[in-house]
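Have a look at input-v9.txt below; it lists compact mmCIF, C-alpha atoms.
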# COMPACT_ATOMS: atom_id res chain seq x y z
CA MET A 1040 0.00 0.00 0.00
CA ARG A 1041 1.25 3.46 -0.88
CA ASN A 1042 2.19 5.60 2.13
CA GLU A 1043 0.39 8.79 1.21
CA SER A 1044 -1.88 10.17 -1.49
CA ASP A 1045 -0.91 13.26 -3.44
CA MET A 1046 -4.14 15.09 -2.56
CA GLN A 1047 -7.10 14.49 -0.25
CA VAL A 1048 -10.46 16.21 -0.75
CA LEU A 1049 -13.50 16.55 1.49
CA ILE A 1050 -16.79 17.20 -0.32
CA THR A 1051 -19.61 18.29 1.95
CA GLY A 1052 -22.78 20.31 2.22
CA CYS A 1053 -26.36 20.01 3.33
CA TYR A 1054 -28.43 17.03 2.20
CA ARG A 1055 -30.42 17.36 -1.06
CA THR A 1056 -27.85 19.67 -2.68
CA GLY A 1057 -27.02 17.49 -5.67
CA SER A 1058 -23.76 16.51 -3.99
CA GLU A 1059 -23.95 12.91 -5.20
CA TYR A 1060 -24.24 14.07 -8.81
CA ILE A 1061 -21.28 16.44 -8.39
CA THR A 1062 -19.20 13.76 -6.68
CA HIS A 1063 -19.82 11.43 -9.60
CA LEU A 1064 -18.71 14.15 -12.02
CA ILE A 1065 -15.48 14.51 -10.06
CA ASN A 1066 -15.02 10.76 -10.09
CA ASN A 1067 -15.15 10.80 -13.91
CA SER A 1068 -11.54 11.93 -13.83
CA PRO A 1069 -8.97 9.13 -14.05
CA ASP A 1070 -6.75 11.14 -11.70
CA ILE A 1071 -8.98 11.08 -8.62
CA TYR A 1072 -11.06 8.49 -6.81
CA ALA A 1073 -14.19 10.11 -5.40
CA THR A 1074 -16.52 8.14 -3.17
CA MET A 1075 -19.56 8.82 -1.03
CA TYR A 1076 -20.25 8.01 2.62
CA VAL A 1077 -18.15 4.84 2.66
CA THR A 1078 -15.97 5.82 5.61
CA ASN A 1079 -17.76 8.97 6.84
CA TYR A 1080 -14.47 9.48 8.64
CA MET A 1081 -14.98 13.08 9.77
CA ARG A 1082 -18.25 12.08 11.43
CA PHE A 1083 -17.50 8.67 12.91
CA CYS A 1084 -13.76 8.74 13.53
CA TYR A 1085 -12.18 12.16 13.80
CA GLY A 1086 -11.71 13.15 17.43
CA GLN A 1087 -13.39 10.00 18.74
CA TYR A 1088 -10.30 7.89 19.52
CA ASP A 1089 -7.98 10.18 21.48
CA PRO A 1090 -5.12 9.90 22.09
CA ILE A 1091 -4.95 8.67 18.52
CA ASN A 1092 -1.20 7.95 18.55
CA GLU A 1093 -1.72 5.13 21.06
CA ARG A 1094 -1.82 1.72 19.40
CA GLU A 1095 -4.98 0.59 21.21
CA GLN A 1096 -6.84 3.68 20.08
CA TYR A 1097 -5.96 3.64 16.39
CA THR A 1098 -6.44 -0.12 16.26
CA SER A 1099 -9.97 0.32 17.58
CA LEU A 1100 -10.62 3.04 15.02
CA VAL A 1101 -9.54 0.86 12.10
CA PHE A 1102 -11.47 -2.23 13.25
CA ASP A 1103 -14.61 -0.19 14.00
CA THR A 1104 -14.40 1.47 10.60
CA GLY A 1105 -13.93 -1.85 8.81
CA ARG A 1106 -16.94 -3.32 10.57
CA ARG A 1107 -19.16 -0.33 9.79
CA MET A 1108 -18.10 -0.29 6.13
CA ARG A 1109 -18.92 -3.97 5.84
CA LEU A 1110 -22.29 -3.75 7.58
CA ARG A 1111 -23.44 -0.53 5.92
CA TRP A 1112 -22.06 -0.87 2.41
CA GLY A 1113 -20.75 -4.41 2.02
CA CYS A 1114 -17.29 -2.88 1.49
CA HIS A 1115 -14.22 -4.90 2.56
CA LEU A 1116 -11.41 -3.07 4.34
CA ASP A 1117 -8.09 -4.83 4.84
CA VAL A 1118 -7.80 -3.76 8.47
CA HIS A 1119 -4.45 -5.49 8.98
CA GLY A 1120 -3.02 -3.89 5.86
CA VAL A 1121 -4.22 -0.47 7.06
CA LEU A 1122 -2.68 -1.06 10.49
CA ASP A 1123 0.60 -2.12 8.87
CA ALA A 1124 0.58 1.11 6.86
CA CYS A 1125 -0.09 3.13 10.01
CA GLU A 1126 2.66 1.44 12.00
CA SER A 1127 5.20 2.02 9.23
CA ARG A 1128 4.91 5.72 9.97
CA GLU A 1129 6.90 7.45 12.67
CA VAL A 1130 3.80 9.19 14.02
CA VAL A 1131 0.22 7.93 13.68
CA THR A 1132 -2.34 10.70 13.21
CA TYR A 1133 -6.00 10.94 12.24
CA GLY A 1134 -4.82 12.08 8.84
CA SER A 1135 -2.44 9.18 8.24
CA ILE A 1136 -5.12 6.66 9.24
CA TYR A 1137 -7.76 8.30 7.01
CA ASP A 1138 -5.37 8.28 4.07
CA ALA A 1139 -4.41 4.64 4.68
CA ILE A 1140 -8.08 3.60 4.74
CA MET A 1141 -8.82 5.41 1.51
CA ARG A 1142 -5.69 4.04 -0.15
CA ASP A 1143 -6.88 0.53 0.70
CA ILE A 1144 -10.26 0.86 -1.02
CA MET A 1145 -9.19 2.85 -4.09
CA PRO A 1146 -7.26 1.80 -7.20
CA GLU A 1147 -3.55 1.78 -6.49
CA SER A 1148 -2.76 3.69 -9.66
CA VAL A 1149 -4.91 6.71 -8.73
CA PRO A 1150 -2.90 9.36 -6.84
CA ASN A 1151 -5.71 11.45 -5.34
CA TRP A 1152 -8.95 10.82 -3.48
CA ALA A 1153 -12.10 12.63 -2.45
CA GLU A 1154 -14.88 11.61 -0.11
CA LYS A 1155 -18.32 13.12 0.17
CA THR A 1156 -19.76 13.28 3.67
CA GLN A 1157 -22.86 15.38 4.31
CA LEU A 1158 -23.21 17.81 7.20
CA VAL A 1159 -19.57 18.11 8.21
CA TRP A 1160 -18.82 21.61 6.93
CA GLN A 1161 -17.94 22.76 10.44
CA ARG A 1162 -15.05 20.26 10.32
CA ILE A 1163 -13.57 21.63 7.11
CA PRO A 1164 -10.71 23.43 8.93
CA ASP A 1165 -10.00 20.22 10.87
CA PHE A 1166 -9.85 18.22 7.64
CA LEU A 1167 -7.49 20.72 6.04
CA ASN A 1168 -5.24 20.56 9.09
CA LEU A 1169 -4.94 16.78 8.66
CA PHE A 1170 -3.28 16.97 5.25
CA GLU A 1171 -0.54 19.12 3.77
CA HIS A 1172 -2.28 18.93 0.39
CA GLY A 1173 -5.88 18.75 1.61
CA LYS A 1174 -8.71 20.60 -0.10
CA SER A 1175 -12.42 20.98 0.56
CA ILE A 1176 -15.46 21.62 -1.61
CA LEU A 1177 -18.68 22.96 -0.08
CA ILE A 1178 -21.82 22.50 -2.16
CA VAL A 1179 -24.70 24.91 -1.60
CA ARG A 1180 -28.18 25.11 -3.07
CA ASP A 1181 -31.23 27.36 -2.84
CA PRO A 1182 -32.56 26.61 0.69
CA ARG A 1183 -36.12 26.51 -0.67
CA SER A 1184 -35.13 23.70 -3.04
CA ILE A 1185 -33.44 21.83 -0.21
CA LEU A 1186 -36.52 22.25 1.97
CA ALA A 1187 -38.92 21.05 -0.74
CA SER A 1188 -36.75 18.05 -1.56
CA PHE A 1189 -36.14 17.05 2.06
CA LYS A 1190 -39.83 17.44 2.88
CA ASN A 1191 -40.60 14.86 0.22
CA PHE A 1192 -37.63 12.61 1.01
CA THR A 1193 -37.04 12.31 4.74
CA TYR A 1194 -38.23 9.45 6.91
CA ALA A 1195 -38.31 11.72 9.95
CA PRO A 1196 -41.75 12.66 11.28
CA GLU A 1197 -43.14 16.09 10.51
CA PRO A 1198 -42.20 18.82 11.08
CA ARG A 1199 -38.57 17.64 11.32
CA TYR A 1200 -38.09 18.45 7.63
CA LEU A 1201 -38.02 22.12 8.65
CA GLY A 1202 -34.55 21.49 10.01
CA ALA A 1203 -33.37 21.88 6.41
CA ILE A 1204 -33.96 25.62 6.78
CA PHE A 1205 -31.49 25.92 9.64
CA ASN A 1206 -28.96 23.48 8.16
CA SER A 1207 -28.96 25.50 4.94
CA LEU A 1208 -28.32 28.66 6.91
CA ASP A 1209 -25.39 27.19 8.79
CA ALA A 1210 -23.79 25.77 5.65
CA MET A 1211 -24.02 29.06 3.77
CA GLN A 1212 -22.86 31.09 6.78
CA HIS A 1213 -19.80 28.88 7.20
CA GLY A 1214 -19.18 28.98 3.47
CA ARG A 1215 -18.96 32.76 3.54
CA GLY A 1216 -16.71 32.66 6.58
CA PHE A 1217 -14.39 30.05 5.11
CA ALA A 1218 -14.17 31.96 1.83
CA SER A 1219 -12.63 34.80 3.84
CA SER A 1220 -10.52 32.80 6.29
CA LEU A 1221 -9.22 29.85 4.27
CA PRO A 1222 -6.80 29.92 1.32
CA ALA A 1223 -8.49 29.96 -2.08
CA ASP A 1224 -6.44 26.94 -3.16
CA GLN A 1225 -7.86 24.89 -0.27
CA PHE A 1226 -11.54 25.85 -0.13
CA HIS A 1227 -14.04 26.09 -2.98
CA VAL A 1228 -17.81 26.72 -3.02
CA VAL A 1229 -19.97 25.16 -5.72
CA LYS A 1230 -23.56 26.24 -6.32
CA TYR A 1231 -25.75 23.39 -7.50
CA GLU A 1232 -27.64 25.74 -9.80
CA ASN A 1233 -24.41 26.61 -11.63
CA VAL A 1234 -23.78 22.94 -12.29
CA VAL A 1235 -27.24 22.73 -13.85
CA LEU A 1236 -27.18 25.99 -15.82
CA ASP A 1237 -23.54 26.06 -16.91
CA PRO A 1238 -22.25 22.55 -16.29
CA ARG A 1239 -19.05 22.42 -18.30
CA SER A 1240 -17.55 25.68 -17.06
CA THR A 1241 -18.61 24.94 -13.46
CA VAL A 1242 -17.13 21.45 -13.52
CA SER A 1243 -14.01 22.77 -15.25
CA ALA A 1244 -13.64 25.30 -12.43
CA ILE A 1245 -13.81 22.44 -9.91
CA PHE A 1246 -10.95 20.66 -11.68
CA ASP A 1247 -8.99 23.91 -11.89
CA PHE A 1248 -9.37 24.20 -8.14
CA LEU A 1249 -8.16 20.59 -7.77
CA SER A 1250 -5.27 21.29 -10.20
CA LEU A 1251 -6.35 18.31 -12.27
CA PRO A 1252 -6.65 18.12 -16.08
CA THR A 1253 -9.98 18.27 -17.88
CA ASP A 1254 -9.13 16.19 -20.94
CA HIS A 1255 -11.58 13.41 -19.97
CA ASP A 1256 -15.35 13.29 -20.67
CA LEU A 1257 -16.45 15.83 -18.07
CA MET A 1258 -20.18 15.17 -18.19
CA SER A 1259 -20.41 11.42 -18.77
CA GLU A 1260 -22.92 9.54 -16.59
CA GLU A 1261 -21.93 6.10 -17.81
CA GLY A 1262 -21.49 3.34 -15.25
CA TRP A 1263 -22.32 5.41 -12.17
CA THR A 1264 -23.09 3.37 -9.05
CA ASP A 1265 -24.09 4.10 -5.47
CA PRO A 1266 -21.84 3.22 -2.49
CA ALA A 1267 -23.31 -0.29 -2.38
CA GLY A 1268 -22.34 -0.89 -6.02
CA ASP A 1269 -25.86 -0.64 -7.45
CA HIS A 1270 -26.84 1.55 -10.40
CA TRP A 1271 -27.03 5.20 -9.36
CA GLY A 1272 -30.43 6.65 -10.19
CA ALA A 1273 -30.00 10.39 -9.51
CA ASN A 1274 -31.40 10.13 -5.95
CA SER A 1275 -34.11 12.66 -6.68
CA ALA A 1276 -36.87 13.13 -4.13
CA PHE A 1277 -39.36 13.74 -6.96
CA GLU A 1278 -38.32 11.43 -9.80
CA ASP A 1279 -37.51 7.76 -10.19
CA GLY A 1280 -34.02 8.50 -11.45
CA SER A 1281 -34.50 7.30 -15.01
CA GLU A 1282 -35.18 10.78 -16.44
CA PHE A 1283 -33.87 13.25 -13.88
CA ASP A 1284 -34.79 16.79 -14.96
CA LYS A 1285 -32.04 18.97 -13.51
CA GLN A 1286 -33.54 22.16 -14.91
CA ALA A 1287 -36.89 21.50 -13.22
CA ALA A 1288 -35.08 20.81 -9.95
CA ILE A 1289 -34.10 24.47 -9.67
CA ASN A 1290 -37.61 25.91 -9.32
CA ARG A 1291 -39.63 22.92 -8.18
CA TRP A 1292 -39.95 24.45 -4.72
CA GLN A 1293 -42.43 26.97 -6.12
CA ARG A 1294 -45.14 24.32 -6.47
CA ASN A 1295 -44.06 21.99 -3.66
CA LEU A 1296 -43.95 24.37 -0.71
CA GLU A 1297 -46.78 26.08 1.12
CA PRO A 1298 -46.63 29.89 1.35
CA TRP A 1299 -45.81 29.70 5.06
CA GLU A 1300 -42.89 27.35 4.36
CA ILE A 1301 -41.47 29.75 1.77
CA ALA A 1302 -41.97 32.69 4.12
CA LEU A 1303 -40.24 30.92 7.02
CA CYS A 1304 -37.35 29.78 4.84
CA GLU A 1305 -36.78 33.28 3.46
CA ARG A 1306 -37.17 34.90 6.86
CA VAL A 1307 -34.39 32.72 8.27
CA ASN A 1308 -32.14 32.59 5.20
CA GLY A 1309 -32.97 35.82 3.39
CA ASP A 1310 -29.76 37.75 3.97
CA VAL A 1311 -27.42 34.88 3.18
CA MET A 1312 -29.55 33.82 0.19
CA GLU A 1313 -29.13 37.25 -1.33
CA ALA A 1314 -25.39 37.09 -0.63
CA TYR A 1315 -25.24 33.90 -2.70
CA GLY A 1316 -27.33 35.42 -5.50
CA TYR A 1317 -30.70 33.77 -4.81
CA GLU A 1318 -33.70 35.96 -5.58
CA LEU A 1319 -36.29 36.10 -2.81
CA ALA A 1320 -39.96 35.51 -3.55
CA GLY A 1321 -40.95 37.94 -0.83
CA THR A 1322 -43.79 35.75 0.39
CA SER A 1323 -45.25 37.22 3.56
CA VAL A 1324 -47.47 35.44 6.07
CA PRO A 1325 -48.14 36.06 9.77
CA THR A 1326 -45.67 34.20 12.00
CA THR A 1327 -48.65 32.59 13.71
CA GLU A 1328 -49.10 30.45 10.58
CA TYR A 1329 -45.92 28.50 11.33
CA GLU A 1330 -44.93 29.12 14.94
CA ASP A 1331 -47.49 26.62 16.24
CA VAL A 1332 -45.95 24.00 13.96
CA ILE A 1333 -42.46 24.90 15.16
CA ASN A 1334 -43.41 24.84 18.83
CA ALA A 1335 -44.92 21.37 18.46
CA ASP A 1336 -41.50 19.78 17.90
CA PRO A 1337 -38.74 20.25 20.51
CA GLN A 1338 -35.89 19.95 18.02
CA ILE A 1339 -37.30 22.45 15.51
CA LYS A 1340 -38.29 24.77 18.34
CA ARG A 1341 -34.70 24.68 19.62
CA PHE A 1342 -33.33 25.46 16.14
CA TYR A 1343 -35.79 28.33 15.73
CA GLU A 1344 -35.05 29.84 19.12
CA LYS A 1345 -31.32 29.57 18.49
CA TRP A 1346 -31.76 31.45 15.24
CA LYS A 1347 -33.86 34.16 16.91
CA ARG A 1348 -31.29 34.45 19.68
CA ASP A 1349 -28.06 34.71 17.69
CA GLY A 1350 -28.94 34.48 13.99
CA SER A 1351 -27.08 31.22 13.45
CA GLY A 1352 -28.08 27.89 11.97
CA VAL A 1353 -27.25 24.30 12.89
CA GLU A 1354 -25.37 21.32 11.50
CA GLN A 1355 -27.62 18.46 12.56
CA TYR A 1356 -29.70 15.66 11.07
CA PRO A 1357 -33.28 15.14 12.29
CA THR A 1358 -32.13 11.75 13.66
CA ASP A 1359 -28.77 10.55 14.97
CA PRO A 1360 -26.63 9.46 11.96
CA THR A 1361 -24.28 7.45 14.19
CA ASP A 1362 -27.11 5.12 15.24
CA PRO A 1363 -27.26 2.12 12.85
CA ASP A 1364 -31.06 2.15 13.15
CA ASN A 1365 -31.01 5.48 11.29
CA TRP A 1366 -28.58 4.55 8.50
CA ALA A 1367 -31.39 4.27 5.97
CA GLU A 1368 -32.34 7.86 6.80
CA ASN A 1369 -28.94 9.56 7.08
CA ASN A 1370 -25.88 8.68 5.07

Show me, as structure tokens, the structure contained in the file I just sent.
Amino acid sequence: MRNESDMQVLITGCYRTGSEYITHLINNSPDIYATMYVTNYMRFCYGQYDPINEREQYTSLVFDTGRRMRLRWGCHLDVHGVLDACESREVVTYGSIYDAIMRDIMPESVPNWAEKTQLVWQRIPDFLNLFEHGKSILIVRDPRSILASFKNFTYAPEPRYLGAIFNSLDAMQHGRGFASSLPADQFHVVKYENVVLDPRSTVSAIFDFLSLPTDHDLMSEEGWTDPAGDHWGANSAFEDGSEFDKQAAINRWQRNLEPWEIALCERVNGDVMEAYGYELAGTSVPTTEYEDVINADPQIKRFYEKWKRDGSGVEQYPTDPTDPDNWAENN
């Protein structure tokens, strides 16, 4: 096993942002191996096995990861090979373990890797600190589209889907902050709508950011599979995947959200939406039309009160993604 990859990339964002589609486009390149969810390292592993340089701790991390990958995705990890790679290093770190795991599951000839893990944008600085040549891509989308899609997709009981409003806010707020605080060659924001409206130039810009060539078929969708190895069917909340209409996905929220849902979403996200170039509908309804719904759910009420208190969002699923019982709901 190779000791270290040339480049490591974290792809993240809120759910329902088209991140699977964009990850597949990145994986079209022969120079990078891009996967989704398979290790979920920044959620399940990072910071959970301290002190990580102790053999007992990093051994537990690798065995736990191998077991989870097998149970969740049917993916085999050579845990002993990974441990051998770790122990060949002078110092074992979270970064060296992550890289060794990814090197084990990817083609040996590919020098770079990327992994998509949703809802870990707050850990982007941590990820970049793990790797000398680390990079991160944050994918954002119109919060109204995310809300409409998640409302139709989630297994969580109503009104938990409203959490999408506050997750969208937090992702976009952090994106603006990182754009100012992180080097431009390490952090890149991609708007889903740009991928739809101007796909080739947007995808080319992603590869420019990754310093990778664009002489392959940028937009091919041939042979795409999900993490379990099955045919990838676009993962749309509104279509069966056979004829995914990306153009329609931009404005579908207009006919799939109630006026009060649009008003609440724009009330919470309005300023940051405008900063990202999203035009507001300006829908206005009395707050009484949605505050009873909000107050009926403790989680959504907590998100709402947090936003009213300090104007910030959250990075949280409606159910615990580390609980195996919820794996069908949260990747």

Note to self: List as a PyMOL selection string the protein and nucleic acid residues near Val1118 of chain A, meaning an atom at most 9 Å away when only C-alpha atoms are counted, but skip any in the same chain fewer than 2 places from it.
What the structure shows: chain A and resi 1098+1101-1102+1104-1105+1115-1116+1120-1123+1140+1143

Notebook entry, point to check: Around (-2.5, 21.0, -9.9) in the file's frame, which residues reach within 12 Å when counting only C-alpha atoms? Return as a ChimeraX atom specification?
Noted result: /A:1045-1046,1070-1071,1151,1172,1174,1224-1225,1245-1253

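Remark: for Trp1112 of chain A, the closest of the candidate residues A:Phe1342, A:Tyr1200, A:Trp1271, A:Tyr1076 is A:Tyr1076 (distances computed over all atoms listed in the file).
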
Margin query: Just to confirm, what's the straight-line distance from atom CA of Asp1209 of chain A to atom CA of Gly1352 of chain A in Å (one decimal)?
Written below: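 Value for the atom CA of Asp1209 of chain A-atom CA of Gly1352 of chain A distance: 4.2 Å.
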
How close does segment 1145-1261 of chain A get to segment 1357-1361 of chain A? List, as a tab-separated table, each residue of segment 1145-1261 of chain A within 7 Å, its nearest atom pair and the distance in Å to one decimal, counting all atoms listed in the file.
residue	atom	partner	partner_atom	distance
A:Ala1195	CA	A:Pro1357	CA	6.5
A:Arg1199	CA	A:Pro1357	CA	5.9
A:Gly1202	CA	A:Pro1357	CA	6.9

Note to self: My list of candidates is A:Leu1257, A:Ile1289, A:Val1324, A:Met1081. Which is closest to Trp1160 of chain A when distances are computed with all atoms listed in the file?
What the structure shows: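 Counting all atoms listed in the file, the residue closest to Trp1160 of chain A is A:Met1081.
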
Note to self: As an exercise, work out the distance from atom CA of Asn1191 of chain A to atom CA of Arg1055 of chain A in Å and give it to one decimal place.
What the structure shows: 10.6 Å

Note to self: With distances taken over all atoms listed in the file, which residue among A:Val1307, A:Tyr1080, A:Arg1107, A:Tyr1054 lies nearest Asp1349 of chain A?
What the structure shows: A:Val1307

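Counting from atom CA of Thr1322 of chain A, the distance to atom CA of Gln1293 of chain A is 11.0 Å.
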
Would you mind listing, for every residue of segment 1151-1209 of chain A within 12 Å of segment 1216-1219 of chain A, the two atoms forming the shortest contact and the distance between them in Å to one decimal, using all atoms listed in the file, sorted by chain and ascending residue number, as JSON lines?
{"residue": "A:Trp1160", "atom": "CA", "partner": "A:Phe1217", "partner_atom": "CA", "distance": 9.7}
{"residue": "A:Gln1161", "atom": "CA", "partner": "A:Phe1217", "partner_atom": "CA", "distance": 9.7}
{"residue": "A:Arg1162", "atom": "CA", "partner": "A:Phe1217", "partner_atom": "CA", "distance": 11.1}
{"residue": "A:Ile1163", "atom": "CA", "partner": "A:Phe1217", "partner_atom": "CA", "distance": 8.7}
{"residue": "A:Pro1164", "atom": "CA", "partner": "A:Phe1217", "partner_atom": "CA", "distance": 8.5}
{"residue": "A:Leu1167", "atom": "CA", "partner": "A:Phe1217", "partner_atom": "CA", "distance": 11.6}
{"residue": "A:Ser1175", "atom": "CA", "partner": "A:Phe1217", "partner_atom": "CA", "distance": 10.3}
{"residue": "A:Ile1176", "atom": "CA", "partner": "A:Phe1217", "partner_atom": "CA", "distance": 10.8}
{"residue": "A:Leu1177", "atom": "CA", "partner": "A:Phe1217", "partner_atom": "CA", "distance": 9.8}
{"residue": "A:Asp1209", "atom": "CA", "partner": "A:Gly1216", "partner_atom": "CA", "distance": 10.5}

Need the axis-aligned box for segment 1347-1357 of chain A with 5 Å each side, so what are the centre and edges in Å to one decimal, as JSON?
{"center_x": -29.6, "center_y": 24.9, "center_z": 15.4, "size_x": 18.5, "size_y": 29.6, "size_z": 18.6}

Return as CSV the residues of segment 1083-1186 of chain A lying at most 9 Å from segment 1232-1239 of chain A, together with the closest atom-to-atom pair for each and the distance in Å to one decimal, counting all atoms listed in the file, with rows in chain order and ascending residue number.
residue,atom,partner,partner_atom,distance
A:Val1179,CA,A:Glu1232,CA,8.8
A:Arg1180,CA,A:Glu1232,CA,6.8
A:Asp1181,CA,A:Glu1232,CA,8.0

Check: With distances taken over only C-alpha atoms, which of A:Pro1150, A:Pro1069, A:Gly1134, A:Pro1198 is nearest to Glu1330 of chain A?
Finding: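 Selected residue with least distance to Glu1330 of chain A: A:Pro1198.
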
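Shortest atom-to-atom contact with Thr1132 of chain A among A:Gln1096, A:Ser1058, A:Ser1351, A:Thr1326: A:Gln1096, counting only C-alpha atoms.
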
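Closest approach to Leu1208 of chain A among A:Leu1158, A:Val1242, A:Ile1136, A:Val1077 is made by A:Leu1158 (distances from only C-alpha atoms).
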